[in-house]
There are 2 protein chains.
Amino acid sequence: MRPIRLAVDVTSGDLGMRVLLEGVLLAKKIYPNHFVTHLCGDSAAILREMKNLGFDKDLSREFAVEHCPQQIDKNETPSRVWKTKRLAPAVRCISLQKEGAVDASLSAGDTRIIMGAALFLLGRMENVARPALAAFLPTITRRPTLLLDVGANLECRMEHLVAFGHMGFEYYQRFFGVDNPRVALLNIGHEPAKGTRTIKSAGESLAASCKGYCGFVEGGDLLTGEVDVVVCDGFAGNILLKTCEKFYTLAESLLGESGKFADTVKKKMAILNPENYGGVPMLGIRGVVFKAHGSSSSLAFAHALAASVTAAYRGLIGTGPKRMAPKQ
Amino acid sequence: MRPIRLAVDVTSGDLGMRVLLEGVLLAKKIYPNHFVTHLCGDSAAILREMKNLGFDKDLSREFAVEHCPQQIDKNETPSRVWKTKRLAPAVRCISLQKEGAVDASLSAGDTRIIMGAALFLLGRMENVARPALAAFLPTITRRPTLLLDVGANLECRMEHLVAFGHMGFEYYQRFFGVDNPRVALLNIGHEPAKGTRTIKSAGESLAASCKGYCGFVEGGDLLTGEVDVVVCDGFAGNILLKTCEKFYTLAESLLGESGKFADTVKKKMAILNPENYGGVPMLGIRGVVFKAHGSSSSLAFAHALAASVTAAYRGLIGTGPKRMAPKQ
């Protein structure tokens, strides 16, 4: 089996190119299988930063560098950038997928830019009205809960939530190899009469169409691991994900950051450390497209990279209806 | 100064009357000042449960019992229950306020029932389109962040969010005696171009009308304590609050629940324990109306009770425009 080829946008993080490149080098160390990285960005800057990071081997023997001369202005409409800025790194990653030059892509750029490019260059899977970002959250049972959407669709109609339920069900099924993941809708209470009209009708529709559907869950149930997949609109999901990610920092600040006690705490709480997650897949796209946090550290970016490669290896997502059987 | 008189609905918790009555007895022990509790519920059941709890003194010397013969059916429209069920405990508490027999009320019942009764029996304050539930969240800086709305208004228009900003600003100002609390809108990013149209226009309006307004914050910023008041719709707020409340349990499950190490952890993480909060005020109502969690434990209910009495003492909320100066 040939190694997975991954396009990485090394320019879009909040912390600058060096942090992301450090993440790329780190991923090479922590990820067990061989993979080829296509670094998308200004090639001169990439060479300079790699040298600064002490990488003095011949770059072209280990990486492909895809020179991207364009940058994205702040006043461009993000969802249309794919049309006007084909040679901006976030878009170039996805064009490389379209051309068949890579198997997957990763960017820490604006979700709307990545989504626009993915939708229009790669297309959506059958029966998917809108792709969604899906993230794993740690739970008390240790088996994570898949939360979607976490930011691709701020306002959702009933049919979008229903489609997210189905997408989440399939992804979880393949990821963990379980037959019947439990799918729930996020709501303000468990009772069928609670919630907005949109959520209530999405619940009725999922009950009739998704065999894993088991009703409403509240915010707290996300962390108990009672259900496997939790569906919500991208606004609530994004807020929730970012709050949960900060919980580790809060606990650290309360329990102390150094010393033997703090070390034990850190070890025991490792599953809460957001740096150990780092990247989320865009479900519903015909291709493996991952989004990393804008504020990704090197370690977080390395884990996002590893997750993208794993997803591509396993054929977890975006392989289209005909190639949807797991390849493990 | 005469003691605060508080009406308590002892029937609406998920865990039954005994747990709530235990909470009432506990509050008497932990709360330093004298206050008088009006217990609203079936009087025979109250007497029986109090006896079971070992309270064998003459009940009427310590408490007022308000017999409430009515119960609320599941198929009644919650927001109209105040009209049809005046003698149901959740409604009776608020009628007692209306009659001037008590200064504040507390119920663990359905938010929509309490809100309906509060709105129609007590009325709303000037310039308040919709009252909101406001909850304090623990932060890294130790000074809590006030989050509103946490469940009274699931879908909000721009003007509702703007009004929540003003209500939160005033409440925080009085609660902590600070001049200029920092108010922010919860969003999926910090940049002005991010978010829904409703949030963007609420941001513009708050920038022009609220002197504490400082822009958008993301989910994670809630826990860092960078801002004092965070405004969102009641759906996102409810989900967030309940998720944050579960952090403590998650941390406990990771770090161990017994032993010396676990004891140190518990002590250091006490501010995360939701039982130490327990009740949230309904801002924008002409009266001190508190809502406790449906799933309140005795300790959580005791803290909710203490918070209601404190709010009534300090004249923090619901005193109407003319009596709005702090009374501390």
# chains A, B, ... in the order shown; residues from 1 in each chain; ligands from 1

call {"tool": "closest_atom_pairs", "arguments": {"of": "chain B", "to": "chain A", "cutoff": "7 Å", "atoms": "only C-alpha atoms", "output": "JSON lines"}}
result
{"residue": "B:Thr139", "atom": "CA", "partner": "A:Leu250", "partner_atom": "CA", "distance": 6.9}
{"residue": "B:Ile140", "atom": "CA", "partner": "A:Leu250", "partner_atom": "CA", "distance": 5.4}
{"residue": "B:Leu154", "atom": "CA", "partner": "A:Thr196", "partner_atom": "CA", "distance": 6.9}
{"residue": "B:Ile188", "atom": "CA", "partner": "A:Asn238", "partner_atom": "CA", "distance": 6.2}
{"residue": "B:Thr196", "atom": "CA", "partner": "A:Leu154", "partner_atom": "CA", "distance": 6.9}
{"residue": "B:Glu218", "atom": "CA", "partner": "A:Ile239", "partner_atom": "CA", "distance": 6.4}
{"residue": "B:Gly219", "atom": "CA", "partner": "A:Ile239", "partner_atom": "CA", "distance": 4.2}
{"residue": "B:Gly220", "atom": "CA", "partner": "A:Thr243", "partner_atom": "CA", "distance": 4.1}
{"residue": "B:Leu223", "atom": "CA", "partner": "A:Lys246", "partner_atom": "CA", "distance": 6.8}
{"residue": "B:Phe235", "atom": "CA", "partner": "A:Ile188", "partner_atom": "CA", "distance": 6.6}
{"residue": "B:Ala236", "atom": "CA", "partner": "A:Ala236", "partner_atom": "CA", "distance": 5.3}
{"residue": "B:Asn238", "atom": "CA", "partner": "A:Ile188", "partner_atom": "CA", "distance": 6.2}
{"residue": "B:Ile239", "atom": "CA", "partner": "A:Gly219", "partner_atom": "CA", "distance": 4.2}
{"residue": "B:Leu240", "atom": "CA", "partner": "A:Leu240", "partner_atom": "CA", "distance": 6.2}
{"residue": "B:Lys242", "atom": "CA", "partner": "A:Gly220", "partner_atom": "CA", "distance": 4.8}
{"residue": "B:Thr243", "atom": "CA", "partner": "A:Gly220", "partner_atom": "CA", "distance": 4.1}
{"residue": "B:Glu245", "atom": "CA", "partner": "A:Gly220", "partner_atom": "CA", "distance": 6.9}
{"residue": "B:Lys246", "atom": "CA", "partner": "A:Gly220", "partner_atom": "CA", "distance": 5.2}
{"residue": "B:Leu250", "atom": "CA", "partner": "A:Ile140", "partner_atom": "CA", "distance": 5.4}
{"residue": "B:Ser253", "atom": "CA", "partner": "A:Ile140", "partner_atom": "CA", "distance": 6.2}
{"residue": "B:Leu254", "atom": "CA", "partner": "A:Lys268", "partner_atom": "CA", "distance": 6.0}
{"residue": "B:Leu255", "atom": "CA", "partner": "A:Lys268", "partner_atom": "CA", "distance": 6.1}
{"residue": "B:Val265", "atom": "CA", "partner": "A:Leu255", "partner_atom": "CA", "distance": 6.9}
{"residue": "B:Lys268", "atom": "CA", "partner": "A:Leu254", "partner_atom": "CA", "distance": 6.0}
{"residue": "B:Met269", "atom": "CA", "partner": "A:Leu254", "partner_atom": "CA", "distance": 6.2}

call {"tool": "select_by_dssp", "arguments": {"residues": "region 140-247 of chain A", "states": "strand (DSSP E)", "output": "list in words"}}
result
Thr145, Leu146, Leu147, Leu148, Val183, Ala184, Leu185, Leu186, Tyr213, Cys214, Gly215, Phe216, Val217, Val229, Val230 and Val231 of chain A

call {"tool": "write_last_selection", "arguments": {"atoms": "N, CA and C atoms", "output": "CSV table (one decimal), in the first residue's frame"}}
result
chain,number,residue,atom,x,y,z
A,145,THR,N,-17.5,10.9,22.9
A,145,THR,CA,-18.7,11.3,22.3
A,145,THR,C,-18.4,12.1,21.0
A,146,LEU,N,-19.1,11.8,19.9
A,146,LEU,CA,-18.9,12.6,18.7
A,146,LEU,C,-19.9,13.7,18.7
A,147,LEU,N,-19.4,14.9,18.6
A,147,LEU,CA,-20.3,16.1,18.6
A,147,LEU,C,-20.3,16.7,17.2
A,148,LEU,N,-21.5,16.9,16.6
A,148,LEU,CA,-21.5,17.6,15.3
A,148,LEU,C,-22.8,18.4,15.2
A,183,VAL,N,-27.4,7.7,19.0
A,183,VAL,CA,-27.5,9.1,18.5
A,183,VAL,C,-28.5,9.9,19.2
A,184,ALA,N,-28.1,11.1,19.6
A,184,ALA,CA,-29.1,11.9,20.3
A,184,ALA,C,-29.1,13.4,19.8
A,185,LEU,N,-30.1,14.1,20.1
A,185,LEU,CA,-30.2,15.5,19.7
A,185,LEU,C,-29.9,16.3,21.0
A,186,LEU,N,-29.1,17.3,20.9
A,186,LEU,CA,-28.8,18.2,22.1
A,186,LEU,C,-30.0,19.1,22.3
A,213,TYR,N,-31.1,6.3,16.9
A,213,TYR,CA,-31.6,7.5,17.6
A,213,TYR,C,-32.3,7.1,18.9
A,214,CYS,N,-31.9,7.9,20.0
A,214,CYS,CA,-32.5,7.5,21.3
A,214,CYS,C,-33.0,8.8,22.0
A,215,GLY,N,-33.3,9.9,21.3
A,215,GLY,CA,-34.0,11.0,22.0
A,215,GLY,C,-33.1,12.2,22.3
A,216,PHE,N,-33.5,13.0,23.2
A,216,PHE,CA,-32.8,14.3,23.5
A,216,PHE,C,-31.8,14.0,24.7
A,217,VAL,N,-30.7,14.8,24.6
A,217,VAL,CA,-29.8,14.8,25.8
A,217,VAL,C,-29.6,16.3,26.1
A,229,VAL,N,-23.2,9.7,19.8
A,229,VAL,CA,-23.2,10.8,18.8
A,229,VAL,C,-24.2,11.9,19.3
A,230,VAL,N,-23.8,13.1,19.3
A,230,VAL,CA,-24.7,14.2,19.8
A,230,VAL,C,-24.8,15.3,18.6
A,231,VAL,N,-26.0,15.6,18.2
A,231,VAL,CA,-26.2,16.5,17.1
A,231,VAL,C,-26.7,17.8,17.6

call {"tool": "select_by_dssp", "arguments": {"residues": "region 29-273 of chain A", "states": "alpha helix (DSSP H)", "output": "PyMOL selection string"}}
result
chain A and resi 29-30+43-52+59-62+81-84+89-98+111-117+158-176+197-209+234-255+260-268

call {"tool": "closest_residue", "arguments": {"among": "B:Leu283, B:Ala64, B:Leu122, B:Val24", "to": "Gly100 (chain B)", "atoms": "only C-alpha atoms"}}
result
B:Leu122

call {"tool": "atom_distance", "arguments": {"atom1": "CA of Lys200 (chain B)", "atom2": "CA of Gly284 (chain B)"}}
result
23.5 Å

call {"tool": "residues_around", "arguments": {"residues": "Thr111 (chain A)", "least_positions_apart": "6", "cutoff": "9 Å", "atoms": "only C-alpha atoms", "output": "list in words"}}
result
Pro78, Gly151, Ala152 and Lys291 of chain A

call {"tool": "write_last_selection", "arguments": {"atoms": "N, CA and C atoms", "output": "PDB file, in the first residue's frame"}}
result
ATOM      1  N   PRO A  78     -15.605  34.861   2.417  1.00  0.00           N
ATOM      2  CA  PRO A  78     -14.868  33.610   2.634  1.00  0.00           C
ATOM      3  C   PRO A  78     -15.348  32.443   1.772  1.00  0.00           C
ATOM      4  N   GLY A 151     -19.329  23.984  14.014  1.00  0.00           N
ATOM      5  CA  GLY A 151     -19.016  25.314  13.525  1.00  0.00           C
ATOM      6  C   GLY A 151     -19.150  25.570  12.033  1.00  0.00           C
ATOM      7  N   ALA A 152     -19.563  24.568  11.269  1.00  0.00           N
ATOM      8  CA  ALA A 152     -19.671  24.809   9.831  1.00  0.00           C
ATOM      9  C   ALA A 152     -21.017  25.445   9.462  1.00  0.00           C
ATOM     10  N   LYS A 291      -9.923  20.143   9.548  1.00  0.00           N
ATOM     11  CA  LYS A 291      -9.740  21.526   9.987  1.00  0.00           C
ATOM     12  C   LYS A 291      -9.073  21.487  11.358  1.00  0.00           C
TER      13      LYS A 291
END

call {"tool": "residues_around", "arguments": {"residues": "Val162 (chain B)", "least_positions_apart": "5", "cutoff": "7 Å", "atoms": "only C-alpha atoms", "output": "PyMOL selection string"}}
result
chain B and resi 202+205-206

call {"tool": "write_last_selection", "arguments": {"atoms": "N, CA, C and O atoms", "output": "short mmCIF file (atom, residue, chain, number, x, y, z; two decimals), in the first residue's frame"}}
result
data_model
loop_
_atom_site.label_atom_id
_atom_site.label_comp_id
_atom_site.auth_asym_id
_atom_site.auth_seq_id
_atom_site.Cartn_x
_atom_site.Cartn_y
_atom_site.Cartn_z
N ALA B 202 -26.56 42.73 17.12
CA ALA B 202 -26.60 42.95 18.58
C ALA B 202 -25.27 43.57 19.03
O ALA B 202 -25.26 44.45 19.90
N SER B 205 -25.28 47.25 18.22
CA SER B 205 -26.17 47.99 19.10
C SER B 205 -25.59 48.11 20.51
O SER B 205 -25.67 49.19 21.13
N LEU B 206 -24.99 47.05 21.02
CA LEU B 206 -24.38 47.12 22.36
C LEU B 206 -23.19 48.07 22.38
O LEU B 206 -22.97 48.79 23.36
#

call {"tool": "residues_around", "arguments": {"residues": "region 296-300 of chain A", "least_positions_apart": "4", "cutoff": "8 Å", "atoms": "only C-alpha atoms", "output": "ChimeraX atom specification"}}
result
/A:13-15,19-24,26,108,274-279,292,304

call {"tool": "residues_around", "arguments": {"residues": "Leu305 (chain A)", "least_positions_apart": "3", "cutoff": "7 Å", "atoms": "only C-alpha atoms", "output": "ChimeraX atom specification"}}
result
/A:27,106,301-302,308-309

call {"tool": "write_last_selection", "arguments": {"atoms": "N, CA and C atoms", "output": "short mmCIF file (atom, residue, chain, number, x, y, z; two decimals), in the first residue's frame"}}
result
data_model
loop_
_atom_site.label_atom_id
_atom_site.label_comp_id
_atom_site.auth_asym_id
_atom_site.auth_seq_id
_atom_site.Cartn_x
_atom_site.Cartn_y
_atom_site.Cartn_z
N ALA A 27 4.81 15.50 14.04
CA ALA A 27 3.93 14.43 13.57
C ALA A 27 4.74 13.29 12.97
N LEU A 106 -5.31 19.30 5.27
CA LEU A 106 -5.45 19.85 6.62
C LEU A 106 -5.13 21.34 6.59
N PHE A 301 -1.29 20.64 16.37
CA PHE A 301 -1.25 20.52 14.91
C PHE A 301 -0.71 19.14 14.51
N ALA A 302 0.27 18.65 15.26
CA ALA A 302 0.81 17.31 14.99
C ALA A 302 -0.28 16.25 15.14
N SER A 308 -5.70 13.22 10.43
CA SER A 308 -6.04 13.29 9.00
C SER A 308 -5.48 12.07 8.26
N VAL A 309 -4.24 11.72 8.59
CA VAL A 309 -3.61 10.58 7.92
C VAL A 309 -4.36 9.28 8.27
#

call {"tool": "residues_around", "arguments": {"residues": "Ser105 (chain B)", "least_positions_apart": "6", "cutoff": "6 Å", "atoms": "only C-alpha atoms", "output": "ChimeraX atom specification"}}
result
/B:6-8,93,289

call {"tool": "closest_residue", "arguments": {"among": "B:Lys29, B:Arg18, B:Arg157, B:Arg124", "to": "Leu47 (chain B)", "atoms": "only C-alpha atoms"}}
result
B:Arg18
